[in-house]
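Below: model_30.cif (mmCIF, C-alpha atoms and all ligand atoms)
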data_coords
loop_
_atom_site.label_atom_id
_atom_site.label_comp_id
_atom_site.auth_asym_id
_atom_site.auth_seq_id
_atom_site.Cartn_x
_atom_site.Cartn_y
_atom_site.Cartn_z
CA MET T 6 15.09 -9.44 0.72
CA PRO T 7 15.07 -13.15 -0.24
CA ALA T 8 13.77 -14.02 -3.68
CA LYS T 9 10.23 -15.15 -4.40
CA LEU T 10 10.23 -18.89 -4.99
CA ILE T 11 8.80 -19.98 -8.33
CA ASP T 12 7.08 -23.19 -7.30
CA GLY T 13 7.26 -25.48 -10.33
CA LYS T 14 5.13 -28.17 -8.69
CA LYS T 15 2.29 -25.76 -7.94
CA ILE T 16 2.39 -24.22 -11.41
CA ALA T 17 2.60 -27.66 -13.03
CA ASN T 18 -0.50 -28.78 -11.08
CA HIS T 19 -2.36 -25.69 -12.22
CA TYR T 20 -1.74 -26.59 -15.89
CA ARG T 21 -2.19 -30.33 -15.29
CA ASN T 22 -5.71 -29.77 -13.98
CA SER T 23 -6.76 -28.10 -17.21
CA ILE T 24 -5.00 -30.74 -19.33
CA ALA T 25 -6.81 -33.50 -17.40
CA GLU T 26 -10.14 -31.71 -18.01
CA GLU T 27 -9.39 -31.59 -21.71
CA VAL T 28 -8.51 -35.29 -21.78
CA LYS T 29 -11.85 -36.02 -20.09
CA GLN T 30 -13.65 -34.06 -22.80
CA LEU T 31 -11.69 -35.77 -25.58
CA ARG T 32 -12.49 -39.17 -24.10
CA LYS T 33 -16.20 -38.24 -23.99
CA ASP T 34 -15.88 -37.47 -27.71
CA GLY T 35 -14.43 -40.95 -28.25
CA MET T 36 -10.77 -39.95 -28.46
CA ALA T 37 -8.13 -41.28 -26.04
CA PRO T 38 -4.84 -39.39 -26.40
CA GLY T 39 -1.94 -41.86 -26.70
CA LEU T 40 1.78 -41.50 -26.09
CA ALA T 41 4.42 -44.06 -27.11
CA VAL T 42 7.67 -43.96 -25.15
CA ILE T 43 10.77 -45.69 -26.50
CA LEU T 44 13.52 -46.50 -24.02
CA VAL T 45 16.84 -47.94 -25.17
CA GLY T 46 19.44 -49.32 -22.77
CA GLU T 47 19.72 -49.39 -18.99
CA ASP T 48 20.60 -45.80 -18.09
CA SER T 49 19.05 -45.38 -14.64
CA ALA T 50 18.30 -41.64 -15.02
CA SER T 51 16.49 -42.38 -18.31
CA GLN T 52 14.51 -45.16 -16.63
CA THR T 53 13.45 -42.75 -13.88
CA TYR T 54 12.38 -40.05 -16.35
CA VAL T 55 10.38 -42.57 -18.37
CA ARG T 56 8.67 -43.86 -15.22
CA MET T 57 7.76 -40.30 -14.19
CA LYS T 58 6.40 -39.46 -17.63
CA ARG T 59 4.24 -42.59 -17.78
CA LYS T 60 2.97 -42.05 -14.24
CA THR T 61 1.91 -38.52 -15.20
CA CYS T 62 0.18 -39.89 -18.31
CA GLN T 63 -1.79 -42.22 -16.09
CA GLU T 64 -2.78 -39.38 -13.76
CA MET T 65 -3.95 -37.28 -16.73
CA GLY T 66 -5.92 -40.11 -18.36
CA ILE T 67 -3.50 -40.31 -21.29
CA HIS T 68 -2.96 -43.80 -22.69
CA SER T 69 0.76 -44.64 -22.78
CA ILE T 70 2.77 -47.55 -24.10
CA LEU T 71 6.40 -48.35 -23.35
CA ILE T 72 8.66 -49.97 -25.92
CA GLU T 73 11.95 -51.11 -24.37
CA TYR T 74 15.11 -52.24 -26.10
CA GLY T 75 18.50 -53.39 -24.85
CA ASN T 76 21.72 -51.58 -25.75
CA GLU T 77 22.28 -53.97 -28.62
CA VAL T 78 19.22 -52.91 -30.65
CA GLY T 79 20.04 -52.03 -34.24
CA GLU T 80 19.30 -48.59 -35.65
CA ASN T 81 17.11 -50.08 -38.42
CA GLU T 82 14.93 -51.95 -35.94
CA LEU T 83 14.39 -48.69 -34.07
CA LEU T 84 13.57 -46.79 -37.26
CA GLU T 85 11.07 -49.46 -38.30
CA LYS T 86 9.34 -49.35 -34.92
CA ILE T 87 9.03 -45.56 -35.15
CA GLN T 88 7.52 -45.92 -38.63
CA GLN T 89 4.93 -48.36 -37.23
CA LEU T 90 4.08 -45.85 -34.51
CA ASN T 91 3.85 -43.04 -37.08
CA ASP T 92 1.16 -45.12 -38.82
CA ASP T 93 -0.67 -46.10 -35.62
CA LYS T 94 -3.87 -44.07 -35.26
CA ALA T 95 -4.10 -44.72 -31.49
CA ILE T 96 -0.74 -42.99 -30.94
CA HIS T 97 -0.57 -39.20 -31.05
CA GLY T 98 2.85 -38.63 -29.55
CA ILE T 99 6.15 -40.48 -29.92
CA LEU T 100 9.00 -39.88 -27.52
CA VAL T 101 12.44 -41.44 -27.73
CA GLN T 102 14.18 -41.04 -24.38
CA LEU T 103 17.65 -39.53 -24.82
CA PRO T 104 20.54 -40.16 -24.67
CA LEU T 105 20.69 -43.13 -27.02
CA PRO T 106 23.55 -45.64 -26.76
CA GLU T 107 26.65 -45.10 -28.87
CA GLY T 108 26.33 -46.42 -32.39
CA ILE T 109 22.80 -45.10 -32.88
CA GLN T 110 22.55 -41.76 -34.66
CA THR T 111 20.26 -39.61 -32.55
CA GLU T 112 19.48 -37.15 -35.37
CA LYS T 113 18.40 -39.98 -37.68
CA VAL T 114 16.09 -41.42 -35.01
CA ILE T 115 14.52 -38.05 -34.21
CA GLU T 116 14.01 -37.31 -37.91
CA GLN T 117 12.18 -40.62 -38.31
CA ILE T 118 9.42 -39.43 -35.96
CA SER T 119 6.59 -37.82 -37.89
CA PRO T 120 6.69 -34.05 -37.17
CA ASP T 121 2.95 -34.40 -36.42
CA LYS T 122 3.73 -36.79 -33.53
CA ASP T 123 6.95 -35.18 -32.35
CA VAL T 124 5.66 -34.13 -28.93
CA ASP T 125 9.19 -33.48 -27.63
CA GLY T 126 9.52 -30.78 -30.30
CA PHE T 127 13.00 -31.95 -31.37
CA HIS T 128 12.32 -32.68 -35.07
CA PRO T 129 14.03 -30.19 -37.44
CA VAL T 130 10.63 -29.35 -38.95
CA ASN T 131 9.24 -28.31 -35.56
CA ILE T 132 12.45 -26.46 -34.65
CA GLY T 133 12.24 -24.60 -37.97
CA ARG T 134 8.59 -23.73 -37.41
CA MET T 135 9.43 -22.46 -33.93
CA MET T 136 12.23 -20.28 -35.35
CA ILE T 137 9.91 -18.58 -37.84
CA GLY T 138 7.07 -18.27 -35.34
CA GLU T 139 4.68 -20.81 -36.90
CA ASP T 140 2.50 -23.14 -34.86
CA SER T 141 4.53 -26.22 -33.84
CA PHE T 142 5.28 -28.54 -30.98
CA LEU T 143 7.58 -26.55 -28.73
CA PRO T 144 10.39 -28.34 -26.85
CA CYS T 145 9.00 -29.18 -23.42
CA THR T 146 11.63 -27.68 -21.09
CA PRO T 147 11.86 -24.23 -22.75
CA TYR T 148 8.08 -24.22 -23.21
CA GLY T 149 7.65 -25.02 -19.51
CA ILE T 150 9.96 -22.14 -18.59
CA MET T 151 7.87 -19.72 -20.66
CA LYS T 152 4.69 -21.00 -18.98
CA MET T 153 6.27 -20.45 -15.55
CA LEU T 154 7.16 -16.86 -16.42
CA GLN T 155 3.66 -16.31 -17.76
CA TYR T 156 2.09 -17.75 -14.58
CA GLU T 157 4.20 -15.41 -12.45
CA GLY T 158 3.14 -12.43 -14.59
CA ILE T 159 6.71 -11.83 -15.79
CA SER T 160 7.00 -10.37 -19.28
CA PRO T 161 10.38 -10.93 -20.97
CA SER T 162 9.77 -7.93 -23.25
CA GLY T 163 12.68 -5.50 -23.21
CA LYS T 164 14.60 -7.52 -20.62
CA HIS T 165 18.11 -8.83 -21.04
CA ALA T 166 17.85 -12.62 -20.97
CA VAL T 167 21.07 -14.60 -20.59
CA VAL T 168 20.92 -18.30 -21.43
CA VAL T 169 23.83 -20.41 -20.20
CA GLY T 170 23.95 -23.51 -22.42
CA ARG T 171 23.26 -23.95 -26.13
CA SER T 172 22.01 -27.52 -26.51
CA ASN T 173 19.39 -28.17 -29.17
CA ILE T 174 16.88 -29.38 -26.60
CA VAL T 175 17.18 -26.69 -23.90
CA GLY T 176 19.51 -23.72 -24.35
CA LYS T 177 18.97 -22.83 -27.99
CA PRO T 178 15.16 -23.11 -28.00
CA ALA T 179 14.90 -21.33 -24.62
CA GLY T 180 16.69 -18.33 -26.14
CA GLN T 181 14.44 -18.45 -29.22
CA LEU T 182 11.24 -18.45 -27.17
CA LEU T 183 12.51 -15.53 -25.08
CA LEU T 184 13.38 -13.66 -28.28
CA ARG T 185 9.88 -14.35 -29.54
CA GLU T 186 8.62 -12.59 -26.41
CA ASN T 187 10.86 -9.60 -27.20
CA ALA T 188 13.68 -10.21 -24.75
CA THR T 189 17.21 -9.24 -25.79
CA VAL T 190 18.99 -12.58 -25.67
CA THR T 191 22.63 -13.48 -24.99
CA TYR T 192 23.79 -17.09 -25.26
CA CYS T 193 26.72 -18.31 -23.16
CA HIS T 194 28.49 -21.66 -23.43
CA SER T 195 31.65 -23.46 -22.44
CA LYS T 196 33.83 -21.20 -24.61
CA THR T 197 32.36 -17.96 -23.26
CA GLU T 198 35.03 -15.80 -21.67
CA ASN T 199 34.25 -14.02 -18.44
CA LEU T 200 30.88 -15.72 -17.96
CA VAL T 201 30.03 -13.68 -14.85
CA SER T 202 30.13 -10.42 -16.83
CA TYR T 203 27.06 -11.80 -18.65
CA THR T 204 25.29 -13.46 -15.75
CA ARG T 205 25.64 -10.25 -13.70
CA SER T 206 23.89 -8.23 -16.41
CA ALA T 207 20.95 -10.65 -16.81
CA ASP T 208 17.43 -9.52 -15.92
CA ILE T 209 16.41 -13.10 -16.70
CA LEU T 210 19.05 -15.77 -16.15
CA ILE T 211 18.40 -19.28 -17.47
CA SER T 212 21.07 -21.80 -16.61
CA ALA T 213 21.18 -25.11 -18.51
CA ALA T 214 24.85 -26.04 -18.32
CA GLY T 215 24.69 -29.17 -16.14
CA ARG T 216 27.35 -27.90 -13.71
CA PRO T 217 26.49 -28.38 -10.01
CA ASN T 218 25.99 -25.08 -8.13
CA PHE T 219 28.39 -23.21 -10.42
CA ILE T 220 26.61 -19.84 -10.39
CA SER T 221 26.44 -18.19 -6.99
CA GLY T 222 24.60 -15.18 -5.58
CA LYS T 223 27.46 -12.78 -6.28
CA ASP T 224 27.24 -13.65 -10.01
CA ILE T 225 23.60 -12.59 -10.22
CA LYS T 226 22.11 -9.13 -10.80
CA PRO T 227 20.09 -8.01 -7.75
CA GLY T 228 16.39 -8.67 -8.38
CA ALA T 229 17.00 -10.93 -11.39
CA ILE T 230 14.63 -13.73 -12.41
CA VAL T 231 16.67 -16.92 -12.09
CA ILE T 232 15.56 -20.15 -13.75
CA ASP T 233 17.67 -23.18 -12.95
CA VAL T 234 17.34 -26.00 -15.48
CA GLY T 235 20.34 -28.00 -14.24
CA MET T 236 19.77 -31.46 -12.79
CA ASN T 237 23.05 -32.45 -11.23
CA ARG T 238 24.45 -34.37 -8.28
CA ASP T 239 26.56 -32.47 -5.75
CA GLU T 240 29.62 -33.91 -4.00
CA ASN T 241 27.31 -35.71 -1.54
CA GLY T 242 25.26 -37.24 -4.32
CA ARG T 243 22.29 -34.95 -3.70
CA LEU T 244 20.23 -33.58 -6.58
CA CYS T 245 21.09 -29.93 -7.25
CA GLY T 246 20.90 -27.34 -9.98
CA ASP T 247 23.45 -25.12 -11.71
CA ILE T 248 22.65 -22.26 -9.35
CA ASP T 249 23.90 -22.18 -5.78
CA PHE T 250 20.40 -21.77 -4.33
CA GLU T 251 21.36 -20.64 -0.82
CA THR T 252 23.41 -17.62 -1.95
CA ALA T 253 21.38 -16.90 -5.10
CA LYS T 254 18.08 -16.58 -3.22
CA GLU T 255 19.53 -13.63 -1.30
CA THR T 256 20.26 -11.70 -4.52
CA ALA T 257 17.61 -12.80 -7.03
CA GLY T 258 14.09 -11.39 -7.29
CA TYR T 259 12.61 -14.74 -8.34
CA ILE T 260 14.19 -18.18 -8.29
CA THR T 261 13.27 -21.77 -9.16
CA PRO T 262 14.34 -24.59 -6.81
CA VAL T 263 15.88 -27.93 -7.81
CA PRO T 264 14.05 -30.24 -7.46
CA GLY T 265 10.54 -28.80 -7.78
CA GLY T 266 11.25 -26.11 -10.37
CA VAL T 267 11.62 -26.66 -14.09
CA GLY T 268 11.40 -30.49 -13.93
CA PRO T 269 7.64 -30.80 -13.24
CA MET T 270 6.94 -28.22 -15.96
CA THR T 271 8.88 -30.22 -18.56
CA ILE T 272 6.66 -33.27 -18.02
CA THR T 273 3.54 -31.10 -17.99
CA MET T 274 4.34 -29.63 -21.40
CA LEU T 275 4.87 -33.15 -22.75
CA MET T 276 1.31 -33.93 -21.66
CA PHE T 277 0.13 -30.64 -23.19
CA ASN T 278 1.79 -31.46 -26.54
CA THR T 279 0.32 -34.98 -26.57
CA VAL T 280 -3.18 -33.64 -26.01
CA LYS T 281 -2.60 -30.95 -28.64
CA SER T 282 -1.62 -33.68 -31.10
CA ALA T 283 -4.73 -35.73 -30.26
CA ARG T 284 -6.91 -32.65 -30.75
CA ARG T 285 -5.26 -32.02 -34.13
CA ALA T 286 -5.92 -35.64 -35.15
CA ILE T 287 -9.67 -35.10 -34.83
CA GLY T 288 -9.39 -31.77 -36.61
P1 LIG G 1 24.16 -30.44 -22.66
O1 LIG G 1 25.30 -31.11 -21.99
O2 LIG G 1 23.69 -30.92 -23.98
O3 LIG G 1 24.51 -28.89 -22.83
C1 LIG G 1 25.16 -28.17 -21.83
C2 LIG G 1 25.46 -26.78 -22.33
O4 LIG G 1 26.09 -26.05 -21.30
C3 LIG G 1 26.43 -26.76 -23.53
O5 LIG G 1 25.98 -25.83 -24.48
C4 LIG G 1 27.76 -26.34 -22.91
O6 LIG G 1 28.57 -25.56 -23.78
C5 LIG G 1 27.30 -25.47 -21.75
N1 LIG G 1 28.26 -25.46 -20.66
C6 LIG G 1 28.83 -26.52 -20.05
N2 LIG G 1 29.68 -26.11 -19.10
C7 LIG G 1 29.67 -24.77 -19.12
C8 LIG G 1 30.35 -23.78 -18.37
N3 LIG G 1 31.23 -24.09 -17.41
N4 LIG G 1 30.09 -22.48 -18.64
C9 LIG G 1 29.21 -22.16 -19.61
N5 LIG G 1 28.52 -23.06 -20.34
C10 LIG G 1 28.76 -24.35 -20.10
O7 LIG G 1 23.00 -30.45 -21.59
P2 LIG G 1 21.39 -30.24 -21.74
O8 LIG G 1 21.10 -28.96 -22.40
O9 LIG G 1 20.77 -31.47 -22.26
O10 LIG G 1 21.02 -30.14 -20.20
C11 LIG G 1 21.55 -29.13 -19.36
C12 LIG G 1 21.17 -29.41 -17.92
O11 LIG G 1 19.77 -29.36 -17.79
C13 LIG G 1 21.58 -30.79 -17.40
O12 LIG G 1 21.91 -30.69 -16.04
C14 LIG G 1 20.33 -31.61 -17.57
O13 LIG G 1 20.26 -32.71 -16.68
C15 LIG G 1 19.29 -30.59 -17.26
N6 LIG G 1 17.97 -30.84 -17.85
C16 LIG G 1 16.90 -30.65 -17.05
C17 LIG G 1 15.64 -30.80 -17.54
C18 LIG G 1 14.48 -30.53 -16.64
O14 LIG G 1 13.37 -30.85 -17.00
N7 LIG G 1 14.69 -29.93 -15.47
C19 LIG G 1 15.39 -31.22 -18.94
C20 LIG G 1 16.59 -31.33 -19.72
C21 LIG G 1 17.84 -31.15 -19.19
P3 LIG G 1 29.17 -26.14 -25.18
O15 LIG G 1 28.04 -26.11 -26.14
O16 LIG G 1 30.24 -25.16 -25.52
O17 LIG G 1 29.66 -27.51 -24.87
#
Produce structure tokens that represent the structure in this file.
Amino acid sequence: MPAKLIDGKKIANHYRNSIAEEVKQLRKDGMAPGLAVILVGEDSASQTYVRMKRKTCQEMGIHSILIEYGNEVGENELLEKIQQLNDDKAIHGILVQLPLPEGIQTEKVIEQISPDKDVDGFHPVNIGRMMIGEDSFLPCTPYGIMKMLQYEGISPSGKHAVVVGRSNIVGKPAGQLLLRENATVTYCHSKTENLVSYTRSADILISAAGRPNFISGKDIKPGAIVIDVGMNRDENGRLCGDIDFETAKETAGYITPVPGGVGPMTITMLMFNTVKSARRAIG
């Protein structure tokens, strides 16, 4: 039987409606949530993501500002701008679109953002808080995945979750959040030997490797919950995930499409974190 489609757009809209309601209420109370987006360089994918994020802000009633720099911007100039935004009371969230051009130390830039405005959830303080289970801003993509599972009534408890990819922004935190919900977690990465022996034993399979269609239906446990984070281009230049959707949907129990799966949830959780920050600012 083909898998049930996890419709990221529909789930994102469900959460966006309640976020928009909350923004309305905050605005009535005299508070307009504000997000500052910093974009460096001319990377076209980054430009698209920034446009989508700002468009969603507008739809939610969140005030957003865009600060753009060319590739030649100095690290110090960037750090000073972030400090200004840290001090700006109208700004509740600061997002630096990654990747940054060579020559700028990404860690240094992220660490300059006040943990209280780090709505991407990438600051070491927020990562640390997440690890020990304290309240924090959770990284948007893994957080969005957990919200999708919750919406579908899927409990990770006791399940074997396999996460392919160990980046600081997706793979690692996705595994941590699944662990928090009592899954038994295995991480795989580029040095993992016999990857399919892991993917075939996954009750929940999260793929965030950035490899077009590299996991097919035969590499998936029948009935598994398959979450495809990958955003890749196939040989025809079409957007695709890490999972070969056509074969995987015949084996999986649940599956997310690309596009229309994890992507809309990532932006939604960014909005959620910005509103959470605004709410915190008024106590
Ligand atoms: P990174 O390149 O930072 O990390 C990729 C990870 O995958 C690494 O840990 C790498 O291992 C691992 N990997 C690469 N190739 C293989 C392989 N053949 N087998 C097993 N593991 C492998 O990417 P990101 O985490 O930033 O992003 C991953 C994907 O998710 C990308 O396609 C990206 O575009 C997409 N993405 C989508 C988002 C959304 O909202 N839908 C948001 C963010 C990202 P190693 O550590 O050993 O190098």
Where does chain T meet ligand LIG 1 (chain G) within 6 Å, residue by residue, with the nearest atom pair and distance in Å to one decimal for each, counting only C-alpha atoms and all ligand atoms, listed by chain and rising number, as CSV?
residue,atom,partner,partner_atom,distance
T:Thr146,CA,G:LIG1,O14,5.5
T:Val169,CA,G:LIG1,N5,5.4
T:Gly170,CA,G:LIG1,O4,3.5
T:Arg171,CA,G:LIG1,O5,3.7
T:Ser172,CA,G:LIG1,O8,4.4
T:Ile174,CA,G:LIG1,O8,6.0
T:Val175,CA,G:LIG1,O8,4.8
T:Gly176,CA,G:LIG1,O8,5.8
T:Cys193,CA,G:LIG1,C9,5.8
T:His194,CA,G:LIG1,N5,3.4
T:Ser195,CA,G:LIG1,O16,3.8
T:Lys196,CA,G:LIG1,O16,5.4
T:Ala213,CA,G:LIG1,C11,4.1
T:Ala214,CA,G:LIG1,O4,3.2
T:Gly215,CA,G:LIG1,O12,3.2
T:Val234,CA,G:LIG1,N7,4.7
T:Gly235,CA,G:LIG1,O12,3.6
T:Met236,CA,G:LIG1,O12,4.0
T:Asn237,CA,G:LIG1,O12,5.2
T:Val267,CA,G:LIG1,N7,4.7
T:Gly268,CA,G:LIG1,O14,3.7
T:Thr271,CA,G:LIG1,O14,4.8
For atom CA of Pro161 of chain T and atom CA of Ile11 of chain T, determine how far apart the two atoms are, in Å to one decimal place.
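Taking atom CA of Pro161 of chain T and atom CA of Ile11 of chain T, their separation equals 15.6 Å.
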Which distance in Å separates atom CA of Gly228 of chain T and atom CA of Asn173 of chain T, to one decimal?
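Atom-to-atom, atom CA of Gly228 of chain T and atom CA of Asn173 of chain T are spaced 28.7 Å apart.
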For Glu240 of chain T, work out the shell of residues within 10 Å, counting all atoms listed in the file and skipping chain neighbours fewer than 4 positions away, then give it as a PyMOL selection string.
chain T and resi 217+244-245
For the point (6.5, -19.3, -33.3) in file coordinates, what residues are within 12 Å, counting all atoms listed in the file? Give the answer as a VMD selection string?
chain T and resid 131 to 144 148 178 181 to 186
Quick one: pull the distance between atom CA of Ser206 of chain T and atom CA of Pro262 of chain T, Å, one decimal.
21.2 Å
Leaving out Gly158 of chain T and any residue of its chain fewer than 6 positions from it, which residues lie within 12 Å of it when counting all atoms listed in the file, given as a VMD selection string?
chain T and resid 11 151 to 152 230 259
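Using all atoms listed in the file, every residue with an atom at most 6 Å from the point (20.7, -12.6, -17.2) is listed here: His165, Ala166, Val167, Thr204, Ser206, Ala207, Asp208, Ile209 and Leu210 of chain T.
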For Glu255 of chain T, which of T:Val231, T:Gly242, T:Phe277, T:Leu90 is the closest residue, counting only C-alpha atoms?
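Of the candidates, the smallest distance to Glu255 of chain T is held by T:Val231.
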Quick one: residues within 7 Å of Ile72 of chain T, all atoms listed in the file, excluding same-chain residues fewer than 4 positions away - as a ChimeraX atom specification?
/T:42-44
Lys9 of chain T: which residues within 9 Å, counting all atoms listed in the file, same-chain residues fewer than 5 positions away excluded, as JSON, numbers by chain?
{"T": [254, 257, 258, 259, 260, 261]}
Name all residues at most 8 Å from segment 279-288 of chain T (count only C-alpha atoms; drop same-chain ones fewer than 4 positions away) and give them as a PyMOL selection string.
chain T and resi 24+27-28+31+36-40+97-98+121-122+124+275
Which segment 248-274 of chain T residues have any atom within 10 Å of an atom of segment 56-65 of chain T, and for each, what is the nearest pair of atoms with distance in Å to one decimal, counting all atoms listed in the file, rows sorted by chain and number, as JSON lines?
{"residue": "T:Pro269", "atom": "CA", "partner": "T:Met57", "partner_atom": "CA", "distance": 9.5}
{"residue": "T:Thr271", "atom": "CA", "partner": "T:Lys58", "partner_atom": "CA", "distance": 9.6}
{"residue": "T:Ile272", "atom": "CA", "partner": "T:Lys58", "partner_atom": "CA", "distance": 6.2}
{"residue": "T:Thr273", "atom": "CA", "partner": "T:Thr61", "partner_atom": "CA", "distance": 8.1}
What would the file look like if the residues just selected were written as a CSV table (one decimal), in the frame of the given file with C-alpha atoms?
chain,number,residue,atom,x,y,z
T,269,PRO,CA,7.6,-30.8,-13.2
T,271,THR,CA,8.9,-30.2,-18.6
T,272,ILE,CA,6.7,-33.3,-18.0
T,273,THR,CA,3.5,-31.1,-18.0
Return as JSON the box centre and box size in Å, one decimal, for an axis-aligned box around all listed atoms of segment 50-68 of chain T padded by 6 Å per side.
{"center_x": 6.2, "center_y": -41.2, "center_z": -18.2, "size_x": 36.2, "size_y": 19.9, "size_z": 20.9}
Residue with smallest distance to Gly108 of chain T - pool T:Gly79, T:Gly222, T:Gly149, T:Pro7, counting all atoms listed in the file
T:Gly79
Using all atoms listed in the file, which of T:Ile70, T:Val55, T:Ala229, T:Leu154 sits nearest Gly13 of chain T?
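Closest residue, counting all atoms listed in the file: T:Leu154.
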Residue with smallest distance to Val45 of chain T - pool T:Val130, T:Ala188, T:Ile220, T:Leu105, counting only C-alpha atoms:
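Among the listed residues, T:Leu105 lies closest to Val45 of chain T.
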Got a moment to write segment 209-223 of chain T out with N, CA, C and O atoms, as an mmCIF file, in the first residue's frame?
data_model
loop_
_atom_site.group_PDB
_atom_site.id
_atom_site.type_symbol
_atom_site.label_atom_id
_atom_site.label_comp_id
_atom_site.auth_asym_id
_atom_site.auth_seq_id
_atom_site.Cartn_x
_atom_site.Cartn_y
_atom_site.Cartn_z
ATOM 1 N N ILE T 209 11.906 5.371 12.009
ATOM 2 C CA ILE T 209 11.817 6.768 11.543
ATOM 3 C C ILE T 209 13.133 7.060 10.825
ATOM 4 O O ILE T 209 14.209 6.909 11.420
ATOM 5 N N LEU T 210 13.034 7.437 9.576
ATOM 6 C CA LEU T 210 14.249 7.742 8.799
ATOM 7 C C LEU T 210 14.228 9.224 8.429
ATOM 8 O O LEU T 210 13.295 9.699 7.773
ATOM 9 N N ILE T 211 15.262 9.947 8.905
ATOM 10 C CA ILE T 211 15.378 11.369 8.556
ATOM 11 C C ILE T 211 16.595 11.483 7.659
ATOM 12 O O ILE T 211 17.705 11.128 8.085
ATOM 13 N N SER T 212 16.442 11.979 6.461
ATOM 14 C CA SER T 212 17.618 12.136 5.619
ATOM 15 C C SER T 212 17.927 13.606 5.381
ATOM 16 O O SER T 212 17.104 14.360 4.862
ATOM 17 N N ALA T 213 19.129 14.007 5.788
ATOM 18 C CA ALA T 213 19.607 15.390 5.603
ATOM 19 C C ALA T 213 21.055 15.322 5.136
ATOM 20 O O ALA T 213 21.965 15.807 5.797
ATOM 21 N N ALA T 214 21.253 14.680 3.997
ATOM 22 C CA ALA T 214 22.610 14.492 3.471
ATOM 23 C C ALA T 214 22.892 15.431 2.304
ATOM 24 O O ALA T 214 24.043 15.729 2.009
ATOM 25 N N GLY T 215 21.831 15.880 1.609
ATOM 26 C CA GLY T 215 22.046 16.727 0.436
ATOM 27 C C GLY T 215 22.564 15.941 -0.756
ATOM 28 O O GLY T 215 23.409 16.425 -1.502
ATOM 29 N N ARG T 216 22.045 14.717 -0.924
ATOM 30 C CA ARG T 216 22.434 13.853 -2.057
ATOM 31 C C ARG T 216 21.166 13.482 -2.832
ATOM 32 O O ARG T 216 20.312 12.766 -2.289
ATOM 33 N N PRO T 217 21.050 13.952 -4.096
ATOM 34 C CA PRO T 217 19.787 13.757 -4.820
ATOM 35 C C PRO T 217 19.357 12.286 -4.940
ATOM 36 O O PRO T 217 20.137 11.455 -5.415
ATOM 37 N N ASN T 218 18.175 11.995 -4.451
ATOM 38 C CA ASN T 218 17.502 10.688 -4.618
ATOM 39 C C ASN T 218 18.385 9.494 -4.257
ATOM 40 O O ASN T 218 18.301 8.447 -4.878
ATOM 41 N N PHE T 219 19.226 9.624 -3.232
ATOM 42 C CA PHE T 219 20.210 8.553 -3.007
ATOM 43 C C PHE T 219 19.720 7.422 -2.098
ATOM 44 O O PHE T 219 20.422 6.429 -1.938
ATOM 45 N N ILE T 220 18.517 7.573 -1.541
ATOM 46 C CA ILE T 220 17.946 6.451 -0.770
ATOM 47 C C ILE T 220 16.680 6.005 -1.492
ATOM 48 O O ILE T 220 15.751 6.794 -1.696
ATOM 49 N N SER T 221 16.654 4.743 -1.882
ATOM 50 C CA SER T 221 15.479 4.289 -2.652
ATOM 51 C C SER T 221 14.611 3.357 -1.805
ATOM 52 O O SER T 221 14.972 2.990 -0.676
ATOM 53 N N GLY T 222 13.479 2.996 -2.352
ATOM 54 C CA GLY T 222 12.485 2.189 -1.636
ATOM 55 C C GLY T 222 13.059 0.912 -1.041
ATOM 56 O O GLY T 222 12.703 0.532 0.078
ATOM 57 N N LYS T 223 13.976 0.277 -1.736
ATOM 58 C CA LYS T 223 14.515 -1.000 -1.238
ATOM 59 C C LYS T 223 15.426 -0.798 -0.019
ATOM 60 O O LYS T 223 15.784 -1.761 0.658
#
